[in-house]
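These notes concern the structure reproduced below.
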Amino acid sequence: VKELEVPDRYEQPETKTVTVSGNSTAAATVTINNILKNNSSLKILKVDSETEEPLSGAVMSIYEAQSLSTGASTSVLGKVFNLTIGALKNLVPIDTWTTDGTPHIVDSSKIEVGTYTICEMVPPKGYEVDDDTLLPCQTVKIEDKNSQVTVIFKNSPTKTVIKKTDEKGNLIGGAHLQIKTLTGKVVDDWYSVEGQEYVIEGLTKGVQYKLIELEAPEGYQKASERLFTAGMGDGVLWGVTLKNIPTEVEICKTDETRKFGVEGAHLQVIDSTGAIVHEWTTGPTEGWACERIEGLPVGNYVLHEETAPNGYLLADDIKFEVKDSGTTEVVMTNKVTEVEISKVDATTGKEIAGAHLQVIDADGKVIDEWISEEGKTHIISKLDPSATYILRETIAPAGYAVSQEVVFTVYDEKVEMKNELTTVEILKKDVVSDEMVVGAHLQLLDKDGKVIEEWDTTEEAHVIKGLLTDTEYTVKETKAPNNYLIGEQVTFKLEKDEARREIIVYNTPIVHVKNTAANASTIMIVVGGVLIVAGIGAVIFVKKRRA
């Protein structure tokens, strides 16, 4: 006998077998009993005690109450009590789950009519209890198979109090603060209010956080970040305090090597509006010459040198920012006035030796003098930055003309004086036609008659470089071209500042004519030069050019 349709509130009854006896007149009886279904359930919610919002991340377990140690707290239904971890150590829970923000249902498949204890094994982050050896629990009772029981577990968030104070402990406003995890995630962000503490909820107990000041109150330095551990002491952390001190700027004045301070510099600190907010003159010091300034408002400033120390260049302005954290350090260096004097060949650009040079001030006083060396420049230090100087060459290197004076200041940094090798161009021309004469053999002799150079003339000028100035030279013709008379010697001397000269040596041509009266005898007549110069065999034309 089988029940095919079962009422909703009942379980499926067992199928029964009945035997009908052929020898008996009594009726066979079969009884089918229906048993009510177990529709009981236990709904468990996990919420914030203040907001009533569901909480995720709590690990919960349910046990049979009879398996727990008996006690007044465990027997009172609906009351929250604490059990030690040890009390549950050897017990197997009926069900264990992690809350996900939705109610957890323990249905009739796991529970029957009876008494059960639910415990919070691990609290959600930010809701940790003070004593993590105790577990909050509640005991509930399933009265019958239709009991629908709801249990609510509430958690209070951890609380951390932040104080922002000045050096005297007064709570100050205007600080922009943040709390971050050690991985850099921002947990909270706020501005402090004068006279008020700030309370942050939900930090994870035992976890370290960073308290960071992003912006200090006006007129204060930004405090260094602090590490703190949440959840210490009654669930609330008191006294996480960040103190602010006034802004501080240290300005130091040194030489460019930064080995020692310099005195006599008049300095000014100028704000963004152009106002001078601080000024002073550096004094004698054994180390760096430093000035400490406190209480400047946060912002941008310029350090300006109004007067440089004696023997030093005026330093460039330095822009700096007074920040809201730490001490702002500014170092202004002074460069010793230094001018590099370079004496070079005008063609090669290489340093040349033998020039006697002087640096002269505006009063005509010789400040420095020296003789140039090959491959080396000359350095002059600690000249007056406000003065003008003259570089003068009194003696040029051998073979060079004296250069023109050069006017300079220390801000030129490098002064170059160029020397040109003396250049003499010797041309051989016909006195009548003014055309070049080819084939004359010429010599250049020094004052002692020694041959320095000799050559045969061509249609091009003969160039000689590097002759000494203020020294006498002679051009001598040892062989005249065909049909020309030998020219007379030409003597010349280059002036000390004369870099280039052109010398033209003219030849007088010989003209052959027939003497008809002498029956074809030939008479040589010297023309041109004789007629023009009245007996002088050569005409010298000289062009000079100064260095």
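Following the order of the structure tokens, first chain is A, next is B, and so on, with residues numbered from 1 inside each chain and ligands from 1 in the order they appear.
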
Contacts of Tyr198 (chain A) at 9 Å (only C-alpha atoms; same-chain gap of 3+ positions) as number ranges by chain:
A: 160-164, 190, 192-193

Could you write those residues out with all heavy atoms, as a short mmCIF file (atom, residue, chain, number, x, y, z; two decimals), in the first residue's frame?
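And here's part-v4.cif as it stands now:
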data_model
loop_
_atom_site.label_atom_id
_atom_site.label_comp_id
_atom_site.auth_asym_id
_atom_site.auth_seq_id
_atom_site.Cartn_x
_atom_site.Cartn_y
_atom_site.Cartn_z
N THR A 160 39.47 54.95 16.74
CA THR A 160 40.80 55.53 16.94
C THR A 160 40.65 57.04 16.98
O THR A 160 40.02 57.62 16.09
CB THR A 160 41.75 55.13 15.80
OG1 THR A 160 41.81 53.70 15.73
CG2 THR A 160 43.14 55.68 16.04
N VAL A 161 41.21 57.66 17.98
CA VAL A 161 41.11 59.12 18.14
C VAL A 161 42.41 59.76 17.70
O VAL A 161 43.49 59.39 18.15
CB VAL A 161 40.80 59.48 19.61
CG1 VAL A 161 40.79 61.00 19.79
CG2 VAL A 161 39.46 58.89 20.02
N ILE A 162 42.30 60.74 16.82
CA ILE A 162 43.47 61.47 16.30
C ILE A 162 43.44 62.89 16.86
O ILE A 162 42.42 63.59 16.76
CB ILE A 162 43.46 61.52 14.76
CG1 ILE A 162 43.27 60.11 14.17
CG2 ILE A 162 44.74 62.15 14.24
CD1 ILE A 162 44.37 59.14 14.49
N LYS A 163 44.57 63.33 17.40
CA LYS A 163 44.69 64.69 17.92
C LYS A 163 45.73 65.45 17.11
O LYS A 163 46.83 64.95 16.89
CB LYS A 163 45.11 64.67 19.39
CG LYS A 163 44.13 64.00 20.32
CD LYS A 163 44.66 64.01 21.75
CE LYS A 163 43.69 63.31 22.70
NZ LYS A 163 44.21 63.32 24.10
N LYS A 164 45.38 66.66 16.70
CA LYS A 164 46.30 67.53 15.96
C LYS A 164 46.57 68.75 16.84
O LYS A 164 45.67 69.55 17.09
CB LYS A 164 45.69 67.95 14.62
CG LYS A 164 46.65 68.74 13.75
CD LYS A 164 47.86 67.91 13.41
CE LYS A 164 48.85 68.72 12.61
NZ LYS A 164 50.11 68.00 12.43
N TRP A 190 40.67 63.83 5.98
CA TRP A 190 39.89 64.88 6.62
C TRP A 190 40.76 66.09 6.94
O TRP A 190 41.98 66.04 6.84
CB TRP A 190 39.23 64.35 7.90
CG TRP A 190 40.15 64.19 9.07
CD1 TRP A 190 40.35 65.04 10.11
CD2 TRP A 190 41.04 63.08 9.30
NE1 TRP A 190 41.29 64.55 10.97
CE2 TRP A 190 41.73 63.35 10.50
CE3 TRP A 190 41.32 61.90 8.60
CZ2 TRP A 190 42.67 62.48 11.02
CZ3 TRP A 190 42.26 61.03 9.13
CH2 TRP A 190 42.93 61.32 10.33
N SER A 192 41.56 68.84 10.04
CA SER A 192 41.38 69.03 11.48
C SER A 192 40.59 70.31 11.75
O SER A 192 40.66 71.27 10.99
CB SER A 192 42.73 69.07 12.19
OG SER A 192 43.47 70.22 11.80
N VAL A 193 39.85 70.30 12.84
CA VAL A 193 39.04 71.44 13.27
C VAL A 193 39.59 71.92 14.61
O VAL A 193 39.87 71.12 15.51
CB VAL A 193 37.55 71.06 13.40
CG1 VAL A 193 36.74 72.25 13.90
CG2 VAL A 193 37.02 70.55 12.06
#

How would you write, as a PyMOL selection string, the set of residues in region 378-510 of chain A that DSSP gives as strand (DSSP E or B)?
chain A and resi 378-381+389-395+400+406-408+414-419+421+423-430+436+441-445+451-456+462-465+472-479+484+490-493+498-507+509-510

Near-Gln221 (chain A) list (9 Å; only C-alpha atoms; drop same-chain fewer than 4 positions) as a PyMOL selection string
chain A and resi 215-217+244-248+298+323-327

Hey, can you spit out that residue selection with N, CA and C atoms as a PDB file, in the first residue's frame?
ATOM      1  N   GLU A 215      48.856  68.520   4.378  1.00  0.00           N
ATOM      2  CA  GLU A 215      48.966  69.976   4.385  1.00  0.00           C
ATOM      3  C   GLU A 215      48.900  70.465   5.822  1.00  0.00           C
ATOM      4  N   ALA A 216      49.918  71.230   6.195  1.00  0.00           N
ATOM      5  CA  ALA A 216      49.972  71.733   7.572  1.00  0.00           C
ATOM      6  C   ALA A 216      49.120  72.993   7.707  1.00  0.00           C
ATOM      7  N   PRO A 217      48.723  73.319   8.933  1.00  0.00           N
ATOM      8  CA  PRO A 217      48.047  74.605   9.156  1.00  0.00           C
ATOM      9  C   PRO A 217      48.985  75.745   8.769  1.00  0.00           C
ATOM     10  N   ASN A 244      52.764  70.258  15.444  1.00  0.00           N
ATOM     11  CA  ASN A 244      53.303  71.148  14.422  1.00  0.00           C
ATOM     12  C   ASN A 244      54.220  72.189  15.060  1.00  0.00           C
ATOM     13  N   ILE A 245      55.330  72.458  14.382  1.00  0.00           N
ATOM     14  CA  ILE A 245      56.225  73.529  14.818  1.00  0.00           C
ATOM     15  C   ILE A 245      56.283  74.581  13.716  1.00  0.00           C
ATOM     16  N   PRO A 246      56.705  75.812  14.021  1.00  0.00           N
ATOM     17  CA  PRO A 246      56.732  76.874  13.010  1.00  0.00           C
ATOM     18  C   PRO A 246      57.640  76.521  11.840  1.00  0.00           C
ATOM     19  N   THR A 247      57.340  77.092  10.684  1.00  0.00           N
ATOM     20  CA  THR A 247      58.203  76.897   9.522  1.00  0.00           C
ATOM     21  C   THR A 247      59.598  77.440   9.820  1.00  0.00           C
ATOM     22  N   GLU A 248      60.583  76.845   9.162  1.00  0.00           N
ATOM     23  CA  GLU A 248      61.970  77.226   9.427  1.00  0.00           C
ATOM     24  C   GLU A 248      62.755  77.194   8.123  1.00  0.00           C
ATOM     25  N   VAL A 298      54.066  79.606   4.403  1.00  0.00           N
ATOM     26  CA  VAL A 298      54.356  78.668   3.321  1.00  0.00           C
ATOM     27  C   VAL A 298      54.137  79.371   1.989  1.00  0.00           C
ATOM     28  N   LYS A 323      58.273  75.224   2.700  1.00  0.00           N
ATOM     29  CA  LYS A 323      57.328  74.118   2.692  1.00  0.00           C
ATOM     30  C   LYS A 323      56.761  73.891   4.087  1.00  0.00           C
ATOM     31  N   ASP A 324      55.740  73.064   4.120  1.00  0.00           N
ATOM     32  CA  ASP A 324      55.091  72.796   5.393  1.00  0.00           C
ATOM     33  C   ASP A 324      55.622  71.526   6.046  1.00  0.00           C
ATOM     34  N   SER A 325      56.813  71.104   5.622  1.00  0.00           N
ATOM     35  CA  SER A 325      57.438  69.975   6.307  1.00  0.00           C
ATOM     36  C   SER A 325      58.938  70.183   6.334  1.00  0.00           C
ATOM     37  N   GLY A 326      59.500  69.970   7.502  1.00  0.00           N
ATOM     38  CA  GLY A 326      60.937  70.052   7.645  1.00  0.00           C
ATOM     39  C   GLY A 326      61.474  71.465   7.534  1.00  0.00           C
ATOM     40  N   THR A 327      62.795  71.566   7.574  1.00  0.00           N
ATOM     41  CA  THR A 327      63.489  72.840   7.452  1.00  0.00           C
ATOM     42  C   THR A 327      63.891  73.055   5.997  1.00  0.00           C
TER      43      THR A 327
END

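In this structure, CA of Phe492 (chain A) sits 19.9 Å away from CA of Val431 (chain A).
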
Contacts of Val122 (chain A) within 12 Å, only C-alpha atoms, excl. fewer than 5 positions in-chain, as a ChimeraX atom specification
/A:56-61,85,96-99,127-129,131-137,155

Would you save the residues from that selection as a PDB file, in the first residue's frame, using C-alpha atoms?
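What follows is the written file selection_37.pdb:
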ATOM      1  CA  SER A  56      30.913  40.482   5.737  1.00  0.00           C
ATOM      2  CA  GLY A  57      33.988  38.565   6.743  1.00  0.00           C
ATOM      3  CA  ALA A  58      32.942  37.137  10.126  1.00  0.00           C
ATOM      4  CA  VAL A  59      33.512  33.381  10.597  1.00  0.00           C
ATOM      5  CA  MET A  60      30.549  31.782  12.449  1.00  0.00           C
ATOM      6  CA  SER A  61      29.921  28.269  13.849  1.00  0.00           C
ATOM      7  CA  ILE A  85      38.512  29.157  22.552  1.00  0.00           C
ATOM      8  CA  THR A  96      30.499  26.838   9.827  1.00  0.00           C
ATOM      9  CA  TRP A  97      30.324  29.754   7.392  1.00  0.00           C
ATOM     10  CA  THR A  98      31.748  33.201   6.598  1.00  0.00           C
ATOM     11  CA  THR A  99      29.268  36.057   6.465  1.00  0.00           C
ATOM     12  CA  TYR A 127      35.276  45.089  14.464  1.00  0.00           C
ATOM     13  CA  GLU A 128      37.777  43.163  16.532  1.00  0.00           C
ATOM     14  CA  VAL A 129      37.096  42.560  20.225  1.00  0.00           C
ATOM     15  CA  ASP A 131      40.315  40.079  24.139  1.00  0.00           C
ATOM     16  CA  ASP A 132      40.759  37.791  21.160  1.00  0.00           C
ATOM     17  CA  THR A 133      40.876  34.694  23.421  1.00  0.00           C
ATOM     18  CA  LEU A 134      37.112  35.046  24.066  1.00  0.00           C
ATOM     19  CA  LEU A 135      34.390  34.298  21.533  1.00  0.00           C
ATOM     20  CA  PRO A 136      30.988  36.064  21.601  1.00  0.00           C
ATOM     21  CA  CYS A 137      28.170  33.496  21.541  1.00  0.00           C
ATOM     22  CA  ASN A 155      29.548  44.240  16.190  1.00  0.00           C
TER      23      ASN A 155
END

Nearest residue to Gly287 (chain A) from the set A:Leu303, A:Val262, A:Leu203, A:Leu88 (distances using only C-alpha atoms)
A:Val262

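Straight-line separation from CA of Asp345 (chain A) to CA of Val490 (chain A): 29.2 Å.
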
Using only C-alpha atoms, determine which residues lie at most 6 Å from Asp271 (chain A), disregarding the query and same-chain residues fewer than 3 positions distant; provide the list as a tab-separated table (two decimals) with all heavy atoms, in the first residue's frame.
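Output file selection_32.tsv follows:
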chain	number	residue	atom	x	y	z
A	274	GLY	N	56.85	90.73	-4.04
A	274	GLY	CA	57.98	91.64	-4.23
A	274	GLY	C	58.43	92.34	-2.96
A	274	GLY	O	59.35	93.16	-2.99
A	275	ALA	N	57.80	92.04	-1.85
A	275	ALA	CA	58.16	92.69	-0.58
A	275	ALA	C	59.36	92.00	0.04
A	275	ALA	O	59.48	90.77	0.01
A	275	ALA	CB	56.98	92.65	0.38
A	301	TYR	N	59.53	82.12	-2.53
A	301	TYR	CA	60.36	83.28	-2.20
A	301	TYR	C	61.56	83.33	-3.14
A	301	TYR	O	61.87	82.37	-3.85
A	301	TYR	CB	60.84	83.20	-0.75
A	301	TYR	CG	59.73	83.28	0.27
A	301	TYR	CD1	59.01	82.14	0.63
A	301	TYR	CD2	59.39	84.49	0.86
A	301	TYR	CE1	57.98	82.20	1.56
A	301	TYR	CE2	58.36	84.56	1.80
A	301	TYR	CZ	57.66	83.42	2.14
A	301	TYR	OH	56.65	83.49	3.05

List as a compact mmCIF listing (two decimals) with N, CA, C and O atoms, in the first residue's frame the protein and nucleic acid residues near Val463 (chain A), meaning an atom at most 12 Å away when only C-alpha atoms are counted, but skip any in the same chain fewer than 4 places from it.
# COMPACT_ATOMS: atom_id res chain seq x y z
N LEU A 421 100.52 86.65 -37.56
CA LEU A 421 101.90 86.57 -38.04
C LEU A 421 102.14 87.71 -39.04
O LEU A 421 101.26 88.03 -39.85
N THR A 422 103.29 88.33 -38.94
CA THR A 422 103.61 89.37 -39.92
C THR A 422 103.66 88.74 -41.31
O THR A 422 104.15 87.62 -41.49
N THR A 423 103.14 89.46 -42.27
CA THR A 423 103.09 88.97 -43.66
C THR A 423 103.64 90.04 -44.59
O THR A 423 103.15 91.19 -44.57
N VAL A 424 104.67 89.69 -45.35
CA VAL A 424 105.25 90.60 -46.33
C VAL A 424 105.06 89.99 -47.71
O VAL A 424 105.45 88.83 -47.94
N GLU A 425 104.42 90.74 -48.62
CA GLU A 425 104.24 90.30 -50.01
C GLU A 425 105.19 91.11 -50.88
O GLU A 425 105.15 92.34 -50.89
N ILE A 426 106.05 90.41 -51.61
CA ILE A 426 107.04 91.08 -52.48
C ILE A 426 106.66 90.80 -53.93
O ILE A 426 106.57 89.64 -54.35
N LEU A 427 106.43 91.91 -54.68
CA LEU A 427 106.05 91.82 -56.09
C LEU A 427 107.16 92.42 -56.95
O LEU A 427 107.79 93.41 -56.58
N LEU A 444 116.16 87.78 -49.55
CA LEU A 444 115.81 88.58 -48.39
C LEU A 444 116.95 88.44 -47.39
O LEU A 444 117.28 87.32 -46.95
N GLU A 453 115.94 84.13 -47.11
CA GLU A 453 115.13 83.43 -48.10
C GLU A 453 115.50 83.97 -49.47
O GLU A 453 115.86 85.14 -49.62
N GLU A 454 115.44 83.13 -50.51
CA GLU A 454 115.66 83.59 -51.89
C GLU A 454 114.76 82.81 -52.82
O GLU A 454 114.36 81.69 -52.54
N TRP A 455 114.46 83.45 -53.96
CA TRP A 455 113.49 82.88 -54.88
C TRP A 455 113.57 83.54 -56.24
O TRP A 455 114.16 84.61 -56.40
N THR A 457 111.29 85.19 -59.24
CA THR A 457 109.97 85.81 -59.32
C THR A 457 109.10 85.11 -60.35
O THR A 457 109.57 84.57 -61.35
N THR A 458 107.78 85.10 -60.05
CA THR A 458 106.78 84.55 -60.96
C THR A 458 105.71 85.62 -61.16
O THR A 458 105.87 86.76 -60.75
N LEU A 467 108.21 87.55 -40.14
CA LEU A 467 109.34 88.45 -39.97
C LEU A 467 109.16 89.25 -38.68
O LEU A 467 108.05 89.57 -38.27
N ARG A 500 100.94 93.48 -41.79
CA ARG A 500 101.05 93.14 -43.20
C ARG A 500 101.64 94.32 -43.99
O ARG A 500 101.31 95.46 -43.75
N ARG A 501 102.54 93.97 -44.94
CA ARG A 501 103.09 95.00 -45.82
C ARG A 501 103.26 94.42 -47.21
O ARG A 501 103.61 93.26 -47.37
N GLU A 502 103.03 95.29 -48.20
CA GLU A 502 103.22 94.92 -49.59
C GLU A 502 104.36 95.76 -50.16
O GLU A 502 104.36 96.98 -50.06
N ILE A 503 105.34 95.07 -50.75
CA ILE A 503 106.50 95.76 -51.34
C ILE A 503 106.54 95.44 -52.83
O ILE A 503 106.52 94.27 -53.22

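Residue nearest Ile395 (chain A), chosen from A:Lys365, A:Asp497, A:Asn300, A:Lys414 and counting only C-alpha atoms: A:Asp497.
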
Long-range neighbours of Pro103 (chain A) as JSON, numbers by chain, 7 Å cut-off, only C-alpha atoms, 4 positions minimum in chain:
{"A": [43, 44, 45]}

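If you measure from each of A:Glu112, A:Glu53, A:Glu338, A:Asp48 to Gly126 (chain A) using only C-alpha atoms, the closest one turns out to be A:Asp48.
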
Could you state the separation of CA of Glu291 (chain A) and CA of Ile251 (chain A) in Å, given to one decimal place?
5.2 Å
